[in-house]
>>> print(open('target19.txt').read())   # compact mmCIF, C-alpha atoms
# COMPACT_ATOMS: atom_id res chain seq x y z
CA MET A 1 92.74 246.45 223.03
CA ARG A 2 93.90 247.85 219.68
CA ARG A 3 95.03 245.15 217.29
CA LYS A 4 98.34 245.45 215.46
CA TYR A 5 98.74 244.47 211.83
CA SER A 6 102.11 243.92 210.23
CA ALA A 7 103.15 245.88 207.15
CA THR A 8 103.67 242.55 205.35
CA LEU A 9 100.08 241.45 205.99
CA THR A 10 98.75 244.84 204.83
CA LEU A 11 100.74 244.66 201.59
CA THR A 12 99.59 241.09 201.00
CA VAL A 13 95.93 242.06 201.36
CA LEU A 14 96.36 245.04 199.03
CA PHE A 15 98.08 242.81 196.49
CA LEU A 16 95.28 240.28 196.58
CA LEU A 17 92.63 242.98 196.19
CA ALA A 18 94.47 244.47 193.24
CA GLY A 19 94.68 241.04 191.66
CA CYS A 20 90.91 240.56 192.01
CA ALA A 21 90.25 243.97 190.49
CA ASP A 22 92.30 243.04 187.42
CA GLU A 23 90.52 239.76 186.80
CA PRO A 24 88.84 239.74 183.37
CA ARG A 25 85.06 239.86 183.24
CA PRO A 26 83.50 236.51 182.32
CA TRP A 27 82.61 237.44 178.73
CA GLU A 28 86.02 238.97 177.97
CA GLY A 29 87.57 235.54 177.56
CA ILE A 30 85.62 235.03 174.33
CA SER A 31 88.02 235.65 171.45
CA GLY A 32 87.17 237.93 168.56
CA SER A 33 87.31 235.02 166.11
CA ARG A 34 84.51 233.29 168.05
CA THR A 35 82.31 236.37 168.27
CA ARG A 36 79.13 236.13 166.21
CA ASP A 37 75.47 237.03 166.20
CA LEU A 38 72.99 234.67 167.83
CA THR A 39 70.27 232.73 166.06
CA ASN A 40 66.65 233.21 167.04
CA GLU A 41 66.70 229.74 168.58
CA GLU A 42 69.57 230.77 170.83
CA VAL A 43 67.85 233.99 171.87
CA VAL A 44 64.82 231.91 172.87
CA GLU A 45 67.07 229.78 175.10
CA ILE A 46 68.43 232.85 176.88
CA GLU A 47 64.99 234.34 177.44
CA ARG A 48 63.63 231.05 178.78
CA ALA A 49 66.55 230.84 181.21
CA GLU A 50 65.97 234.45 182.27
CA GLN A 51 62.37 233.65 183.20
CA LYS A 52 63.48 230.69 185.30
CA LEU A 53 66.09 232.78 187.11
CA ILE A 54 63.57 235.54 187.80
CA LYS A 55 61.15 233.01 189.25
CA ALA A 56 63.83 231.54 191.53
CA CYS A 57 64.85 235.01 192.70
CA MET A 58 61.25 236.11 193.39
CA THR A 59 60.66 232.91 195.34
CA ASN A 60 63.72 233.71 197.47
CA GLU A 61 62.29 237.20 198.04
CA GLY A 62 59.03 235.66 199.24
CA PHE A 63 56.89 236.53 196.21
CA PRO A 64 55.03 234.28 193.78
CA TYR A 65 56.02 234.53 190.12
CA TRP A 66 54.72 232.81 187.02
CA GLU A 67 57.04 232.65 184.03
CA PHE A 68 56.01 234.71 181.03
CA PRO A 69 55.82 232.74 177.77
CA VAL A 70 58.83 233.42 175.56
CA PRO A 71 58.02 234.26 171.93
CA GLY A 72 58.86 231.35 169.64
CA ILE A 73 60.73 231.36 166.34
CA ASP A 74 57.69 232.01 164.16
CA GLU A 75 56.42 234.81 166.40
CA ARG A 76 59.76 236.58 166.10
CA LYS A 77 59.32 236.79 162.33
CA SER A 78 56.25 238.97 162.77
CA GLY A 79 56.67 242.68 162.10
CA THR A 80 59.72 242.44 159.82
CA TYR A 81 60.17 244.95 156.99
CA VAL A 82 59.27 242.34 154.38
CA ILE A 83 57.93 238.80 154.69
CA GLU A 84 60.30 236.31 153.09
CA SER A 85 58.85 232.90 153.95
CA VAL A 86 55.91 231.65 151.90
CA ARG A 87 55.34 228.94 154.52
CA TRP A 88 55.11 231.57 157.26
CA ALA A 89 52.82 233.76 155.16
CA LYS A 90 50.42 230.87 154.54
CA ALA A 91 50.30 230.08 158.25
CA TYR A 92 50.22 233.54 159.81
CA GLY A 93 49.52 236.22 157.22
CA TYR A 94 50.63 239.43 158.95
CA GLY A 95 50.79 237.98 162.45
CA ARG A 96 47.33 238.90 163.73
CA GLU A 97 47.38 235.67 165.73
CA PHE A 98 50.48 236.86 167.57
CA GLU A 99 48.96 240.29 168.18
CA ARG A 100 45.96 238.66 169.84
CA LEU A 101 48.24 236.44 171.92
CA GLY A 102 50.31 239.43 173.01
CA GLU A 103 47.21 241.34 174.09
CA LYS A 104 45.99 238.34 176.06
CA ILE A 105 49.33 238.11 177.90
CA ARG A 106 49.35 241.86 178.66
CA THR A 107 45.88 241.72 180.19
CA SER A 108 45.47 238.28 181.73
CA HIS A 109 48.86 236.75 182.55
CA ARG A 110 48.94 235.59 186.18
CA VAL A 111 51.67 238.04 187.17
CA ILE A 112 49.55 240.92 185.83
CA THR A 113 46.34 239.78 187.49
CA TYR A 114 48.16 239.05 190.75
CA GLN A 115 49.69 242.54 190.85
CA ASN A 116 46.36 244.17 190.02
CA LYS A 117 44.71 242.50 193.02
CA LEU A 118 47.33 243.69 195.49
CA PRO A 119 46.79 246.78 197.63
CA LYS A 120 48.94 249.78 196.71
CA GLU A 121 51.73 249.00 199.18
CA GLY A 122 51.79 245.38 198.05
CA ARG A 123 52.08 246.39 194.39
CA VAL A 124 54.97 248.70 195.22
CA SER A 125 56.79 245.95 197.11
CA TYR A 126 56.20 243.41 194.36
CA THR A 127 57.32 245.79 191.60
CA ARG A 128 60.46 246.76 193.52
CA ALA A 129 61.35 243.10 194.06
CA LEU A 130 60.79 242.32 190.39
CA ASP A 131 62.02 245.40 188.54
CA GLY A 132 64.19 247.25 191.04
CA ASN A 133 64.13 250.65 192.69
CA TYR A 134 62.75 253.35 190.38
CA ARG A 135 64.53 255.99 192.46
CA ASP A 136 67.91 254.43 191.64
CA ARG A 137 68.33 254.18 187.89
CA MET A 138 70.88 253.10 185.32
CA THR A 139 71.23 255.73 182.61
CA VAL A 140 72.59 255.34 179.07
CA LYS A 141 73.38 258.12 176.61
CA LEU A 142 72.34 256.81 173.21
CA PRO A 143 74.33 257.31 169.99
CA GLY A 144 73.91 260.48 167.98
CA LYS A 145 71.23 262.84 169.21
CA LEU A 146 68.85 260.13 170.39
CA GLY A 147 68.94 261.29 174.00
CA THR A 148 69.14 259.05 177.05
CA VAL A 149 67.25 256.05 178.42
CA GLU A 150 67.10 254.72 181.95
CA THR A 151 65.88 251.75 183.93
CA PRO A 152 65.86 250.84 187.65
CA ARG A 153 68.79 249.11 189.28
CA GLY A 154 68.31 246.01 191.36
CA GLY A 155 65.35 243.67 191.39
CA CYS A 156 65.11 240.09 190.26
CA THR A 157 65.08 240.97 186.57
CA ASN A 158 68.47 242.63 186.83
CA GLU A 159 69.74 239.86 189.08
CA ALA A 160 68.80 237.30 186.44
CA ARG A 161 70.51 239.33 183.72
CA ALA A 162 73.62 239.71 185.84
CA GLU A 163 73.78 235.93 186.22
CA LEU A 164 73.33 235.40 182.48
CA TYR A 165 75.33 238.25 180.98
CA GLY A 166 77.89 238.81 183.71
CA ASP A 167 76.94 242.38 184.66
CA ALA A 168 73.44 243.87 184.43
CA GLU A 169 74.52 247.50 184.05
CA ILE A 170 77.19 246.90 181.41
CA TRP A 171 74.71 244.71 179.54
CA TYR A 172 72.02 247.41 179.68
CA THR A 173 74.47 250.00 178.33
CA ALA A 174 75.70 247.74 175.53
CA ARG A 175 72.24 246.54 174.53
CA ARG A 176 70.60 249.94 174.42
CA THR A 177 73.55 251.45 172.53
CA VAL A 178 73.55 248.75 169.84
CA GLU A 179 69.80 248.31 169.49
CA SER A 180 69.17 252.07 169.19
CA ALA A 181 71.53 252.51 166.23
CA LEU A 182 68.95 251.76 163.49
CA PRO A 183 67.53 255.31 163.21
CA LEU A 184 71.05 256.61 162.58
CA TYR A 185 71.52 254.67 159.36
CA ALA A 186 68.00 253.77 158.22
CA GLN A 187 67.67 256.64 155.76
CA ALA A 188 71.11 256.11 154.23
CA LEU A 189 70.36 252.40 153.84
CA LYS A 190 67.07 253.11 152.05
CA GLU A 191 68.91 255.37 149.63
CA ASP A 192 71.60 252.77 148.89
CA GLU A 193 71.49 251.74 145.22
CA ARG A 194 71.60 248.05 146.14
CA PHE A 195 68.46 248.45 148.23
CA THR A 196 66.55 250.64 145.74
CA LYS A 197 67.29 248.16 142.95
CA ALA A 198 65.94 245.20 144.95
CA LEU A 199 62.93 247.28 146.01
CA ARG A 200 62.09 248.13 142.38
CA GLN A 201 62.29 244.44 141.49
CA TRP A 202 59.97 243.62 144.40
CA ALA A 203 57.47 246.32 143.36
CA ASP A 204 57.54 245.12 139.73
CA CYS A 205 56.81 241.57 140.89
CA MET A 206 53.91 242.78 143.06
CA THR A 207 52.46 244.76 140.15
CA ARG A 208 52.61 241.70 137.87
CA ALA A 209 50.74 239.78 140.60
CA GLY A 210 47.99 242.40 140.62
CA ARG A 211 49.14 244.02 143.87
CA PRO A 212 50.67 247.37 142.84
CA PHE A 213 52.52 248.61 145.94
CA ASP A 214 55.60 250.82 145.88
CA SER A 215 57.13 249.26 149.00
CA PRO A 216 56.34 247.00 151.96
CA ASP A 217 55.64 250.18 153.95
CA ASP A 218 53.05 251.23 151.36
CA LEU A 219 51.55 247.73 151.45
CA ARG A 220 51.24 247.68 155.23
CA GLN A 221 49.59 251.07 155.41
CA LYS A 222 46.94 250.13 152.82
CA ARG A 223 46.53 246.61 154.22
CA ALA A 224 45.82 247.99 157.72
CA ALA A 225 43.09 250.24 156.32
CA ALA A 226 41.59 247.35 154.33
CA VAL A 227 41.27 244.90 157.24
CA GLU A 228 40.20 247.46 159.86
CA LYS A 229 36.48 246.76 159.56
CA MET A 230 36.65 243.13 158.45
CA PRO A 231 35.55 240.28 160.71
CA ASP A 232 38.52 238.36 162.09
CA ALA A 233 38.10 235.32 159.84
CA GLU A 234 37.82 237.46 156.71
CA ALA A 235 40.78 239.61 157.73
CA ASP A 236 42.93 236.54 158.42
CA ALA A 237 42.14 235.06 155.00
CA PHE A 238 42.84 238.39 153.29
CA ASP A 239 46.15 238.68 155.13
CA ARG A 240 47.36 235.21 154.23
CA LYS A 241 46.67 235.68 150.53
CA LEU A 242 48.39 239.08 150.41
CA ALA A 243 51.30 237.91 152.55
CA VAL A 244 51.97 234.93 150.26
CA THR A 245 52.24 237.30 147.30
CA GLU A 246 54.59 239.58 149.24
CA ALA A 247 56.80 236.68 150.30
CA THR A 248 56.91 235.23 146.79
CA CYS A 249 58.11 238.57 145.43
CA ALA A 250 60.58 238.98 148.28
CA VAL A 251 62.19 235.69 147.31
CA GLU A 252 62.20 236.58 143.60
CA SER A 253 63.77 240.01 144.19
CA SER A 254 66.04 238.94 147.10
CA LEU A 255 64.81 242.07 148.89
CA GLY A 256 65.02 240.50 152.34
CA LYS A 257 68.55 239.16 151.84
CA VAL A 258 69.77 242.46 150.41
CA LEU A 259 68.27 244.29 153.38
CA ARG A 260 69.90 241.96 155.93
CA ASP A 261 73.32 242.25 154.28
CA LEU A 262 73.08 246.03 154.10
CA GLU A 263 71.88 246.30 157.67
CA SER A 264 74.90 244.34 158.92
CA GLU A 265 77.19 246.60 156.91
CA TYR A 266 75.58 249.88 157.97
CA ARG A 267 75.22 248.85 161.60
CA ALA A 268 78.90 247.94 161.88
CA ARG A 269 79.89 251.24 160.29
CA THR A 270 77.57 253.28 162.52
CA LEU A 271 78.78 251.55 165.68
CA LYS A 272 82.49 252.10 165.01
CA PRO A 273 82.63 254.98 167.52
CA TYR A 274 80.96 252.63 170.01
CA SER A 275 83.22 249.63 169.43
CA GLU A 276 83.52 248.90 173.15
CA GLN A 277 79.75 248.56 173.56
CA TRP A 278 79.42 246.63 170.27
CA ASP A 279 82.12 244.16 171.31
CA ALA A 280 80.59 243.76 174.77
CA TYR A 281 77.11 243.26 173.31
CA ARG A 282 78.13 240.37 171.10
CA LYS A 283 80.41 238.66 173.64
CA MET A 284 77.96 239.07 176.51
CA ARG A 285 75.23 237.41 174.45
CA LEU A 286 77.48 234.43 173.76
CA HIS A 287 78.34 234.23 177.46
CA ALA A 288 74.62 234.41 178.29
CA LEU A 289 73.95 231.53 175.91
CA ARG A 290 76.43 229.30 177.80
CA GLN A 291 74.90 230.32 181.10
CA ALA A 292 71.38 229.72 179.80
CA GLN A 293 72.24 226.21 178.67
CA ASP A 294 73.44 225.44 182.20
CA VAL A 295 70.24 226.90 183.70
CA LEU A 296 67.97 224.94 181.34
CA SER A 297 69.84 221.68 181.81
>>> encode(input="target19.txt", output="structure tokens")
Amino acid sequence: MRRKYSATLTLTVLFLLAGCADEPRPWEGISGSRTRDLTNEEVVEIERAEQKLIKACMTNEGFPYWEFPVPGIDERKSGTYVIESVRWAKAYGYGREFERLGEKIRTSHRVITYQNKLPKEGRVSYTRALDGNYRDRMTVKLPGKLGTVETPRGGCTNEARAELYGDAEIWYTARRTVESALPLYAQALKEDERFTKALRQWADCMTRAGRPFDSPDDLRQKRAAAVEKMPDAEADAFDRKLAVTEATCAVESSLGKVLRDLESEYRARTLKPYSEQWDAYRKMRLHALRQAQDVLS
């Protein structure tokens, strides 16, 4: 028998659906005055929570998963344009310890070894559960003429990010847009008089210390050639001594601080045409931090 629905009921349902569609996304309630960048410590919290959520999701899908170690605060200082901390330089030089750790994780982490032992069909199933369907991709057009990037939809990684950030696809678009902006302003920043002045002061300091390098880029290129054939212990000692000199001169010249200030200025200017993605990026990270604290507690 065909059921009859009243016009009133139909209108009520449509009204309710429209109301749900207009509900603000969870990160949109964060006011502009509260929007800020995250600290490294806060980023670590989010990444730790993401690993826990991925593990829970994979368990629900019937797959084992071992959390990947999240890089700590000191590890995140490796690979910067210029070393600023004398303490860090004394302890880690140019981060060879972290490079070795990263290589060990890439080759021997339990998730990697587990996947490698699976038959082909098992690897496909595991990868799809973890990373999503490679035939169904999210695509982002990057700023300028940088082209496009894409990543699979679905999978436990995206499910974890959706829980943290509020929406995996919007987060992917915002993140890739913001984090790809550097090439668009890097050259202009390096030609900025404030940067070139601090760089000259850094180079003068290095020359007085007996390490005549024109720039941190010049230093790294020559340092890599110097340590290439050294035994590990000798290379580590060489790195620490050179890195301490670099950091001392970075503090004296304020090169690192000048670079950070200029990068904030140039990034904001470059991302003006992408204000929607820039606003979403910052607010979604703050929302993810709140979610992460709940997960970790």
>>> closest_residue(input="target19.txt", among="A:Gly144, A:Pro64, A:Gly256, A:Gly95", to="A:Arg76", atoms="only C-alpha atoms")
A:Gly95
>>> closest_residue(input="target19.txt", among="A:Asp239, A:Glu234, A:Glu84, A:Asp279", to="A:Asp37", atoms="only C-alpha atoms")
A:Asp279
>>> residues_around(input="target19.txt", residues="stretch 196-200 of chain A", least_positions_apart="2", cutoff="8 Å", atoms="all atoms listed in the file", output="PyMOL selection string")
chain A and resi 190-194+202-204+214-215+253-255+258
>>> closest_residue(input="target19.txt", among="A:Ser33, A:Ser297, A:Gln51, A:Ser275", to="A:Thr157", atoms="all atoms listed in the file")
A:Gln51
>>> residues_around(input="target19.txt", residues="A:Val111", least_positions_apart="4", cutoff="8 Å", atoms="only C-alpha atoms", output="list in words")
Tyr65, Trp66 and Gln115 of chain A
>>> write_last_selection(input="target19.txt", atoms="C-alpha atoms", output="PDB file, in the coordinates of the input")
ATOM      1  CA  TYR A  65      56.020 234.530 190.120  1.00  0.00           C
ATOM      2  CA  TRP A  66      54.720 232.810 187.020  1.00  0.00           C
ATOM      3  CA  GLN A 115      49.690 242.540 190.850  1.00  0.00           C
TER       4      GLN A 115
END
>>> atom_distance(input="target19.txt", atom1="atom CA of A:Arg240", atom2="atom CA of A:Lys90")
5.3 Å
>>> closest_residue(input="target19.txt", among="A:Glu169, A:Asp74, A:Glu121, A:Glu276", to="A:Glu41", atoms="all atoms listed in the file")
A:Asp74
>>> residues_near_point(input="target19.txt", point="(72.0, 251.5, 185.0)", cutoff="12 Å", atoms="all atoms listed in the file", output="list in words")
Gly132, Asn133, Tyr134, Arg135, Asp136, Arg137, Met138, Thr139, Val140, Lys141, Thr148, Val149, Glu150, Thr151, Pro152, Arg153, Gly154, Asn158, Ala162, Asp167, Ala168, Glu169, Ile170, Trp171, Tyr172, Thr173, Ala174, Arg175 and Arg176 of chain A
>>> atom_distance(input="target19.txt", atom1="atom CA of A:Leu271", atom2="atom CA of A:Ala186")
13.3 Å
>>> decode(input="target19.txt", residues="stretch 69-110 of chain A", atoms="C-alpha atoms", output="compact mmCIF listing (two decimals), in the first residue's frame")
# COMPACT_ATOMS: atom_id res chain seq x y z
CA PRO A 69 57.20 7.55 16.44
CA VAL A 70 56.42 11.26 16.21
CA PRO A 71 59.45 13.53 15.73
CA GLY A 72 60.25 15.41 18.93
CA ILE A 73 61.03 19.09 19.42
CA ASP A 74 64.77 18.79 18.83
CA GLU A 75 64.32 16.65 15.72
CA ARG A 76 62.06 19.30 14.21
CA LYS A 77 64.89 21.83 14.40
CA SER A 78 66.96 19.77 12.00
CA GLY A 79 67.19 21.02 8.42
CA THR A 80 66.40 24.68 9.12
CA TYR A 81 68.00 27.39 6.98
CA VAL A 82 70.33 28.41 9.80
CA ILE A 83 71.03 26.85 13.20
CA GLU A 84 70.24 29.28 16.00
CA SER A 85 70.67 27.25 19.19
CA VAL A 86 74.19 26.68 20.48
CA ARG A 87 72.81 24.01 22.83
CA TRP A 88 71.25 22.16 19.89
CA ALA A 89 74.41 22.50 17.82
CA LYS A 90 76.54 21.01 20.60
CA ALA A 91 74.16 18.08 20.96
CA TYR A 92 73.28 17.30 17.34
CA GLY A 93 75.60 19.10 14.93
CA TYR A 94 73.71 18.96 11.63
CA GLY A 95 71.24 16.29 12.67
CA ARG A 96 73.02 13.18 11.39
CA GLU A 97 71.57 11.31 14.37
CA PHE A 98 68.06 12.14 13.18
CA GLU A 99 68.90 11.12 9.61
CA ARG A 100 70.01 7.71 10.85
CA LEU A 101 66.86 7.39 12.96
CA GLY A 102 64.67 8.32 9.99
CA GLU A 103 66.34 5.72 7.78
CA LYS A 104 65.86 3.07 10.46
CA ILE A 105 62.13 3.88 10.68
CA ARG A 106 61.73 3.81 6.88
CA THR A 107 63.32 0.37 6.62
CA SER A 108 62.51 -1.48 9.83
CA HIS A 109 59.38 -0.06 11.47
CA ARG A 110 56.89 -2.85 12.21
